[in-house]
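**Student:** This is start_39.txt (compact mmCIF, C-alpha atoms).
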```txt
# COMPACT_ATOMS: atom_id res chain seq x y z
CA MET A 1 72.39 -65.24 17.77
CA MET A 2 76.10 -65.98 17.78
CA ARG A 3 78.78 -63.34 17.75
CA LEU A 4 80.89 -62.85 14.64
CA LEU A 5 83.98 -64.65 15.94
CA GLU A 6 81.86 -67.63 16.94
CA VAL A 7 80.53 -67.74 13.38
CA PHE A 8 84.09 -67.44 12.10
CA ASP A 9 85.15 -70.45 14.20
CA PHE A 10 82.13 -72.38 12.95
CA GLY A 11 83.16 -71.62 9.38
CA VAL A 12 86.75 -72.72 9.98
CA LYS A 13 85.58 -76.09 11.30
CA GLU A 14 83.19 -76.62 8.40
CA LEU A 15 85.71 -75.57 5.73
CA GLY A 16 88.45 -77.74 7.19
CA ILE A 17 86.93 -80.62 5.26
CA CYS A 18 87.51 -79.06 1.84
CA SER A 19 89.94 -76.16 2.14
CA SER A 20 93.68 -75.87 2.71
CA SER A 21 93.14 -72.36 4.15
CA PRO A 22 89.83 -72.53 6.06
CA ALA A 23 90.54 -69.49 8.25
CA ILE A 24 91.17 -67.25 5.26
CA GLU A 25 88.05 -68.44 3.47
CA SER A 26 85.88 -68.17 6.60
CA PHE A 27 86.90 -64.52 7.00
CA ILE A 28 86.25 -63.84 3.30
CA PHE A 29 82.72 -65.24 3.59
CA LEU A 30 82.08 -63.40 6.86
CA GLU A 31 83.24 -60.07 5.42
CA GLU A 32 81.11 -60.63 2.34
CA THR A 33 77.93 -61.55 4.23
CA THR A 34 78.13 -58.79 6.84
CA GLY A 35 79.77 -55.99 4.85
CA LYS A 36 82.19 -55.53 7.75
CA SER A 37 85.97 -55.40 7.49
CA LYS A 38 88.22 -57.98 9.12
CA GLU A 39 89.37 -55.32 11.61
CA ASP A 40 85.78 -54.46 12.56
CA ILE A 41 84.95 -58.12 13.07
CA LEU A 42 87.99 -58.70 15.29
CA ILE A 43 87.66 -55.51 17.35
CA ASN A 44 83.91 -55.25 17.88
CA ASN A 45 82.79 -58.87 17.55
CA ASN A 46 79.13 -57.87 17.19
CA ARG A 47 76.28 -60.35 16.98
CA ILE A 48 75.32 -61.58 13.53
CA ASP A 49 71.69 -61.32 12.49
CA GLU A 50 69.76 -64.33 11.22
CA LYS A 51 69.65 -63.23 7.58
CA GLU A 52 73.43 -62.77 7.47
CA PHE A 53 74.02 -66.10 9.18
CA LEU A 54 71.81 -67.92 6.64
CA LYS A 55 73.76 -66.25 3.82
CA PHE A 56 77.03 -67.33 5.44
CA ARG A 57 75.75 -70.90 5.74
CA GLY A 58 74.78 -70.78 2.06
CA TYR A 59 78.33 -69.81 1.14
CA LEU A 60 79.69 -72.69 3.22
CA LYS A 61 77.35 -75.15 1.53
CA ARG A 62 78.46 -74.07 -1.95
CA ARG A 63 82.12 -74.28 -0.92
CA LEU A 64 81.62 -77.75 0.58
CA ASN A 65 80.12 -78.79 -2.75
CA GLY A 66 83.47 -77.95 -4.35
CA GLU A 67 82.82 -74.48 -5.74
CA PRO A 68 85.84 -72.11 -5.54
CA TRP A 69 85.36 -69.25 -3.09
CA GLN A 70 86.21 -66.76 -5.84
CA TYR A 71 83.16 -67.86 -7.82
CA ILE A 72 80.99 -67.79 -4.69
CA VAL A 73 81.75 -64.18 -3.74
CA GLY A 74 82.22 -63.11 -7.36
CA LYS A 75 85.60 -61.47 -6.97
CA THR A 76 89.23 -61.94 -6.02
CA ASN A 77 92.31 -59.78 -5.46
CA PHE A 78 95.23 -59.54 -7.86
CA LEU A 79 98.16 -57.31 -6.90
CA GLY A 80 95.84 -55.13 -4.85
CA PHE A 81 93.15 -54.81 -7.52
CA ASP A 82 89.62 -56.11 -7.02
CA ILE A 83 88.88 -58.41 -9.96
CA PHE A 84 85.38 -59.69 -10.68
CA THR A 85 85.16 -63.44 -11.28
CA GLU A 86 82.57 -65.70 -12.87
CA SER A 87 82.18 -69.43 -13.39
CA GLU A 88 83.75 -70.70 -16.63
CA ILE A 89 86.45 -68.01 -16.44
CA PHE A 90 89.89 -68.95 -15.12
CA ILE A 91 90.65 -67.56 -11.64
CA PRO A 92 93.94 -65.57 -11.48
CA ARG A 93 96.51 -67.11 -9.14
CA PRO A 94 99.19 -65.73 -6.78
CA GLU A 95 101.86 -67.38 -8.97
CA THR A 96 100.78 -65.21 -11.88
CA GLU A 97 101.13 -62.10 -9.73
CA LEU A 98 104.90 -62.60 -9.63
CA MET A 99 105.07 -62.76 -13.44
CA ALA A 100 103.01 -59.56 -13.64
CA VAL A 101 105.32 -57.83 -11.15
CA GLN A 102 108.36 -58.78 -13.23
CA ALA A 103 106.65 -57.56 -16.41
CA ILE A 104 105.72 -54.24 -14.82
CA SER A 105 109.29 -53.71 -13.65
CA LYS A 106 110.67 -54.34 -17.16
CA LEU A 107 108.04 -52.19 -18.91
CA LYS A 108 108.83 -49.14 -16.80
CA LYS A 109 112.10 -48.88 -18.76
CA PHE A 110 110.18 -48.28 -22.01
CA ASP A 111 108.94 -44.82 -22.97
CA TYR A 112 105.63 -45.78 -24.61
CA PRO A 113 105.28 -49.54 -24.22
CA HIS A 114 102.91 -51.40 -26.53
CA VAL A 115 101.80 -54.72 -24.98
CA LEU A 116 99.89 -57.77 -26.21
CA GLU A 117 98.29 -60.13 -23.71
CA VAL A 118 97.18 -63.47 -25.16
CA GLY A 119 94.30 -65.10 -23.27
CA CYS A 120 93.12 -62.36 -20.93
CA GLY A 121 90.55 -64.27 -18.85
CA THR A 122 89.44 -61.80 -16.18
CA GLY A 123 91.89 -59.18 -17.45
CA ALA A 124 93.88 -59.19 -14.20
CA ILE A 125 97.33 -59.09 -15.86
CA SER A 126 96.49 -56.28 -18.28
CA ILE A 127 94.77 -54.25 -15.57
CA SER A 128 97.74 -54.48 -13.20
CA ILE A 129 100.13 -53.46 -15.99
CA ALA A 130 97.99 -50.61 -17.33
CA ALA A 131 97.44 -49.17 -13.85
CA ARG A 132 101.11 -49.23 -12.91
CA VAL A 133 102.96 -48.42 -16.14
CA LYS A 134 102.51 -44.90 -17.46
CA LYS A 135 101.81 -44.29 -21.15
CA THR A 136 101.34 -47.97 -21.90
CA LYS A 137 98.84 -49.28 -24.46
CA ILE A 138 97.61 -52.87 -24.26
CA ILE A 139 95.77 -55.13 -26.65
CA THR A 140 94.36 -58.09 -24.74
CA THR A 141 92.68 -61.06 -26.40
CA ASP A 142 90.67 -64.15 -25.57
CA ILE A 143 88.86 -66.78 -27.63
CA SER A 144 86.02 -66.91 -25.07
CA LYS A 145 83.23 -64.35 -25.54
CA LYS A 146 82.30 -64.70 -21.86
CA ALA A 147 85.89 -63.97 -20.83
CA VAL A 148 85.97 -60.89 -23.06
CA ARG A 149 82.74 -59.59 -21.49
CA LEU A 150 84.11 -60.12 -17.97
CA CYS A 151 87.43 -58.53 -18.91
CA LYS A 152 85.57 -55.46 -20.21
CA LYS A 153 83.64 -55.25 -16.94
CA ASN A 154 86.88 -55.31 -14.93
CA VAL A 155 88.62 -52.81 -17.21
CA GLU A 156 85.66 -50.41 -16.96
CA TYR A 157 85.54 -50.82 -13.18
CA HIS A 158 89.16 -49.70 -12.93
CA LYS A 159 88.62 -46.92 -15.52
CA LEU A 160 91.31 -48.19 -17.87
CA ASN A 161 89.32 -48.21 -21.13
CA ASP A 162 91.69 -45.68 -22.69
CA LYS A 163 94.70 -47.94 -22.13
CA ILE A 164 93.31 -51.44 -22.80
CA ASN A 165 91.71 -52.62 -26.04
CA ILE A 166 89.96 -56.01 -25.68
CA VAL A 167 89.53 -58.31 -28.69
CA CYS A 168 87.69 -61.63 -28.99
CA VAL A 169 89.99 -63.69 -31.20
CA ASP A 170 91.87 -66.99 -31.36
CA LEU A 171 95.52 -66.17 -30.65
CA PHE A 172 96.95 -63.96 -33.41
CA LYS A 173 94.34 -64.25 -36.16
CA CYS A 174 93.38 -60.57 -36.14
CA PHE A 175 96.95 -59.29 -36.37
CA VAL A 176 98.95 -58.52 -39.49
CA SER A 177 102.66 -59.15 -39.84
CA ARG A 178 103.48 -55.47 -39.32
CA SER A 179 102.03 -55.51 -35.80
CA LYS A 180 104.93 -54.98 -33.41
CA PHE A 181 104.91 -55.05 -29.63
CA ASP A 182 107.36 -54.21 -26.85
CA MET A 183 106.00 -57.12 -24.83
CA ILE A 184 103.89 -60.22 -25.28
CA ILE A 185 102.57 -61.75 -22.05
CA SER A 186 100.36 -64.78 -21.50
CA ASN A 187 99.12 -67.26 -18.94
CA PRO A 188 98.02 -69.93 -21.44
CA PRO A 189 96.68 -73.45 -20.78
CA TYR A 190 99.73 -75.59 -19.98
CA ILE A 191 98.55 -78.71 -18.14
CA LEU A 192 99.41 -81.96 -19.95
CA LYS A 193 96.24 -83.64 -21.22
CA LYS A 194 97.08 -86.87 -19.37
CA ASN A 195 97.32 -84.92 -16.09
CA LEU A 196 93.92 -83.22 -16.33
CA LYS A 197 92.22 -86.10 -14.50
CA LYS A 198 94.70 -85.76 -11.62
CA ILE A 199 94.15 -82.07 -10.86
CA ASP A 200 92.41 -80.97 -7.67
CA THR A 201 88.64 -81.31 -7.65
CA ILE A 202 88.25 -77.57 -7.10
CA VAL A 203 90.36 -76.76 -10.19
CA LYS A 204 88.07 -79.01 -12.24
CA LYS A 205 85.34 -76.43 -11.60
CA GLU A 206 87.29 -74.05 -13.85
CA PRO A 207 87.13 -74.07 -17.68
CA PHE A 208 89.10 -76.87 -19.34
CA LEU A 209 89.77 -74.49 -22.23
CA ALA A 210 92.00 -72.53 -19.85
CA LEU A 211 93.75 -75.65 -18.52
CA ASP A 212 94.26 -78.13 -21.37
CA GLY A 213 97.65 -77.57 -22.98
CA GLY A 214 97.45 -80.64 -25.22
CA ASP A 215 99.50 -83.84 -25.09
CA ASN A 216 102.69 -82.16 -23.88
CA GLY A 217 101.09 -79.05 -22.40
CA VAL A 218 102.73 -76.73 -24.91
CA VAL A 219 100.31 -76.44 -27.85
CA ILE A 220 99.48 -72.79 -27.11
CA ILE A 221 102.89 -71.98 -25.60
CA ASN A 222 104.72 -72.98 -28.78
CA LYS A 223 102.24 -71.11 -31.00
CA ILE A 224 102.88 -67.95 -28.99
CA LEU A 225 106.65 -68.44 -29.22
CA GLU A 226 106.49 -69.13 -32.95
CA ASN A 227 104.50 -65.96 -33.65
CA SER A 228 106.55 -63.82 -31.29
CA SER A 229 109.39 -63.67 -33.81
CA ASN A 230 107.25 -61.61 -36.17
CA MET A 231 105.32 -59.65 -33.56
CA LEU A 232 108.01 -58.46 -31.14
CA LYS A 233 110.18 -55.44 -31.78
CA LYS A 234 113.94 -55.92 -31.53
CA GLY A 235 114.66 -55.87 -27.78
CA GLY A 236 111.01 -56.72 -27.10
CA LEU A 237 110.14 -58.99 -24.20
CA ILE A 238 108.03 -62.09 -23.73
CA PHE A 239 106.59 -63.58 -20.55
CA ILE A 240 104.72 -66.89 -20.60
CA GLU A 241 103.51 -68.79 -17.56
CA ILE A 242 104.50 -72.46 -17.74
CA ASP A 243 104.98 -75.59 -15.66
CA SER A 244 108.22 -77.53 -15.26
CA SER A 245 106.57 -80.51 -17.01
CA ASN A 246 106.50 -78.39 -20.20
CA LEU A 247 110.26 -77.84 -20.39
CA PRO A 248 111.28 -80.78 -22.64
CA TYR A 249 108.68 -79.79 -25.23
CA ILE A 250 109.10 -76.02 -25.49
CA ASP A 251 110.42 -74.82 -28.88
CA ILE A 252 112.27 -71.53 -28.51
CA PRO A 253 112.90 -69.58 -31.76
CA ASN A 254 116.52 -68.77 -32.61
CA ASP A 255 115.92 -65.04 -32.33
CA LEU A 256 114.71 -65.25 -28.72
CA LYS A 257 117.10 -65.38 -25.77
CA CYS A 258 115.12 -67.09 -23.00
CA SER A 259 115.43 -68.15 -19.39
CA TYR A 260 113.12 -69.92 -16.96
CA GLU A 261 112.16 -68.17 -13.73
CA LYS A 262 110.87 -69.57 -10.44
CA ASP A 263 107.79 -68.49 -8.51
CA GLN A 264 107.45 -67.69 -4.81
CA TYR A 265 107.17 -71.43 -4.12
CA ASN A 266 110.55 -72.11 -5.76
CA LYS A 267 108.95 -73.85 -8.74
CA ILE A 268 109.77 -73.02 -12.35
CA ARG A 269 106.76 -70.93 -13.33
CA PHE A 270 107.43 -68.66 -16.29
CA LEU A 271 109.52 -68.22 -19.39
CA TYR A 272 111.17 -64.85 -19.89
CA GLY A 273 112.64 -63.93 -23.26
CA VAL A 274 114.22 -61.05 -25.19
CA LYS A 275 113.98 -60.60 -28.98
CA LEU A 276 117.50 -60.46 -30.45
```
Represent the supplied structure as structure tokens.
**Tutor:**
Amino acid sequence: MMRLLEVFDFGVKELGICSSSPAIESFIFLEETTGKSKEDILINNNRIDEKEFLKFRGYLKRRLNGEPWQYIVGKTNFLGFDIFTESEIFIPRPETELMAVQAISKLKKFDYPHVLEVGCGTGAISISIAARVKKTKIITTDISKKAVRLCKKNVEYHKLNDKINIVCVDLFKCFVSRSKFDMIISNPPYILKKNLKKIDTIVKKEPFLALDGGDNGVVIINKILENSSNMLKKGGLIFIEIDSSNLPYIDIPNDLKCSYEKDQYNKIRFLYGVKL
């Protein structure tokens, strides 16, 4: 049988057809199939047994059929946290990590921050905040029952049940007007409906519910902004992931002072606001 680095090279060549980062994905699949770390693979370069090689080939086949690697291996990494993933649940992105980092930095200035995340998906944002901000309490919501189940699995895995309360609900329907938060954070659907057909084939494998932002991409964004006036404390903060195509259509309430921030790729990626 081949040695591990030969299998890695084989994977890179195969994945070059469908992936923009074939080397990264080949290593992910090789680590997953063998249970060995990247360092072990590079240093020892042992032979791979037939069962492992067949499993590796199976991963390649699924990836070549357009399935995201995160669904294939059933997990991804978000700010250093292992996050379980499943089909039909939106995969957290590196761009969202920057928004989470900014939110964590701001929240550390609060004594006992109370946070609402709208549309939790895997729960990656809430988990990263709860793990890194002391004495914080988070309510995280999603309309998808499957997303809520997966979020609970991730929260339990990281032992954060005491800090994160997960609710299956459509936006703000379970909250009363007296609910007040120090921060509202969300990565809502924001792709313009007319652009959904143009997105990458691999992204089309993800749930349209998490992608479709309506005609102008801001249906959910503007609902969050509208409700934030009643649900944020004075001096409370709001973070919403957006796309530059949304900008002409975003309605900012008069009592929010907002700015638009760029991601690590120098693209406008999130709205940051303070309740006046």
**Student:** How big is the axis-aligned box, and where does its centre sit, when it encloses all atoms of range 76-85 of chain A listed in the file and has 3 Å added on every side, reported in Å to one decimal as JSON?
**Tutor:**
```
{"center_x": 91.7, "center_y": -59.1, "center_z": -8.1, "size_x": 19.0, "size_y": 14.6, "size_z": 12.4}
```
**Student:** Taking only C-alpha atoms into account, name the residue in A:Gly11, A:Pro113, A:Pro248, A:Gly121 that is nearest to Arg57 in chain A.
**Tutor:** A:Gly11
**Student:** Rounded to one decimal, what separation in Å do you get between CA of Ser26 in chain A and CA of Pro92 in chain A?
**Tutor:**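 Computing it gives 20.0 Å between the two atoms.
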**Student:** For range 181-183 of chain A, list every protein, DNA or RNA residue within 7 Å, evaluated using only C-alpha atoms, and leave out those in the same chain fewer than 5 positions away; present the list as a ChimeraX atom specification.
**Tutor:** /A:113-116,231-233,236-238
**Student:** Met2 in chain A: which residues within 9 Å, counting only C-alpha atoms, same-chain residues fewer than 3 positions away excluded, as a PDB file with C-alpha atoms, keeping the file's coordinate frame?
**Tutor:**
```
ATOM      1  CA  LEU A   5      83.980 -64.650  15.940  1.00  0.00           C
ATOM      2  CA  GLU A   6      81.860 -67.630  16.940  1.00  0.00           C
ATOM      3  CA  VAL A   7      80.530 -67.740  13.380  1.00  0.00           C
ATOM      4  CA  ASN A  46      79.130 -57.870  17.190  1.00  0.00           C
ATOM      5  CA  ARG A  47      76.280 -60.350  16.980  1.00  0.00           C
ATOM      6  CA  ILE A  48      75.320 -61.580  13.530  1.00  0.00           C
ATOM      7  CA  ASP A  49      71.690 -61.320  12.490  1.00  0.00           C
ATOM      8  CA  PHE A  53      74.020 -66.100   9.180  1.00  0.00           C
TER       9      PHE A  53
END
```
**Student:** Using all atoms listed in the file, which of A:Ala124, A:Val167, A:Ala103, A:Leu42 sits nearest Thr76 in chain A?
**Tutor:**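 For Thr76 in chain A, the nearest of the candidates is A:Ala124.
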**Student:** Excluding Tyr59 in chain A and residues on its chain fewer than 4 positions from it, collect all residues at most 8 Å away from it, counting only C-alpha atoms, and give them as a list in words.
**Tutor:**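 Residues near the query, excluding close chain neighbours: Phe29, Lys55, Arg63 and Ile72 of chain A.
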**Student:** What does the structure give for the distance between CA of Gly119 in chain A and CA of Ile224 in chain A, in Å to one decimal?
**Tutor:**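 Separation between CA of Gly119 in chain A and CA of Ile224 in chain A: 10.7 Å.
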**Student:** Each residue of range 4-110 of chain A with at least one atom at most 8 Å from range 129-140 of chain A should appear once, together with its nearest atom pair and the corresponding distance in Å (one decimal); atoms considered: all atoms listed in the file; ordering: chain, then increasing residue number; output as CSV.
**Tutor:**
```
residue,atom,partner,partner_atom,distance
A:Ala100,CA,A:Ile129,CA,7.1
A:Ala103,CA,A:Ile129,CA,7.7
A:Ile104,CA,A:Ile129,CA,5.8
A:Leu107,CA,A:Val133,CA,6.9
A:Lys108,CA,A:Val133,CA,6.0
```
**Student:** Ranking A:Asp40, A:Asp142, A:Asp170, A:Glu241 by minimum distance to Phe270 in chain A and counting all atoms listed in the file, which one comes first?
**Tutor:** A:Glu241
**Student:** Using all atoms listed in the file, which residue out of A:Ser128, A:Ser186, A:Asn161, A:Asn254 lies closest to Ile242 in chain A?
**Tutor:**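 For Ile242 in chain A, the nearest of the given residues is A:Ser186.
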**Student:** Rank nothing, just name the residue among A:Asp82, A:Gly273, A:Gly123, A:Tyr249 nearest to Ile166 in chain A, using only C-alpha atoms.
**Tutor:**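 Smallest distance to Ile166 in chain A is found for A:Gly123.
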**Student:** In Å, how far is it from CA of Val219 in chain A to CA of Glu67 in chain A?
**Tutor:**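 Interatomic distance here is 28.3 Å.
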**Student:** Can you tell me which residues surround Glu226 in chain A at a distance of at most 9 Å, considering all atoms listed in the file, apart from same-chain residues fewer than 3 positions away, and format the answer as a list in words?
**Tutor:**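 Everything that qualifies: Ile221, Asn222, Lys223, Ser229, Asn230, Asp251, Ile252 and Pro253 of chain A.
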**Student:** Find the residue from A:Lys75, A:Asn65, A:Ile43, A:Phe84 that sits nearest to Val155 in chain A; use only C-alpha atoms when measuring.
**Tutor:**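 Counting only C-alpha atoms, the residue closest to Val155 in chain A is A:Phe84.
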**Student:** Please check which residues have atoms at most 12 Å from (106.7, -74.9, -8.8) in the file's coordinates, counting all atoms listed in the file, and write them as a PDB file with C-alpha atoms, in the frame of the given file.
**Tutor:**
```
ATOM      1  CA  GLU A  95     101.860 -67.380  -8.970  1.00  0.00           C
ATOM      2  CA  THR A  96     100.780 -65.210 -11.880  1.00  0.00           C
ATOM      3  CA  GLU A 241     103.510 -68.790 -17.560  1.00  0.00           C
ATOM      4  CA  ILE A 242     104.500 -72.460 -17.740  1.00  0.00           C
ATOM      5  CA  ASP A 243     104.980 -75.590 -15.660  1.00  0.00           C
ATOM      6  CA  SER A 244     108.220 -77.530 -15.260  1.00  0.00           C
ATOM      7  CA  SER A 245     106.570 -80.510 -17.010  1.00  0.00           C
ATOM      8  CA  ASN A 246     106.500 -78.390 -20.200  1.00  0.00           C
ATOM      9  CA  TYR A 260     113.120 -69.920 -16.960  1.00  0.00           C
ATOM     10  CA  GLU A 261     112.160 -68.170 -13.730  1.00  0.00           C
ATOM     11  CA  LYS A 262     110.870 -69.570 -10.440  1.00  0.00           C
ATOM     12  CA  ASP A 263     107.790 -68.490  -8.510  1.00  0.00           C
ATOM     13  CA  GLN A 264     107.450 -67.690  -4.810  1.00  0.00           C
ATOM     14  CA  TYR A 265     107.170 -71.430  -4.120  1.00  0.00           C
ATOM     15  CA  ASN A 266     110.550 -72.110  -5.760  1.00  0.00           C
ATOM     16  CA  LYS A 267     108.950 -73.850  -8.740  1.00  0.00           C
ATOM     17  CA  ILE A 268     109.770 -73.020 -12.350  1.00  0.00           C
ATOM     18  CA  ARG A 269     106.760 -70.930 -13.330  1.00  0.00           C
ATOM     19  CA  PHE A 270     107.430 -68.660 -16.290  1.00  0.00           C
TER      20      PHE A 270
END
```
**Student:** For Ile91 in chain A, work out the shell of residues within 8 Å, counting only C-alpha atoms and skipping chain neighbours fewer than 2 positions away, then give it as a compact mmCIF listing (two decimals) with C-alpha atoms, in the frame of the given file.
**Tutor:**
```txt
# COMPACT_ATOMS: atom_id res chain seq x y z
CA GLN A 70 86.21 -66.76 -5.84
CA THR A 85 85.16 -63.44 -11.28
CA ILE A 89 86.45 -68.01 -16.44
CA ARG A 93 96.51 -67.11 -9.14
CA GLY A 121 90.55 -64.27 -18.85
CA THR A 122 89.44 -61.80 -16.18
CA GLU A 206 87.29 -74.05 -13.85
```
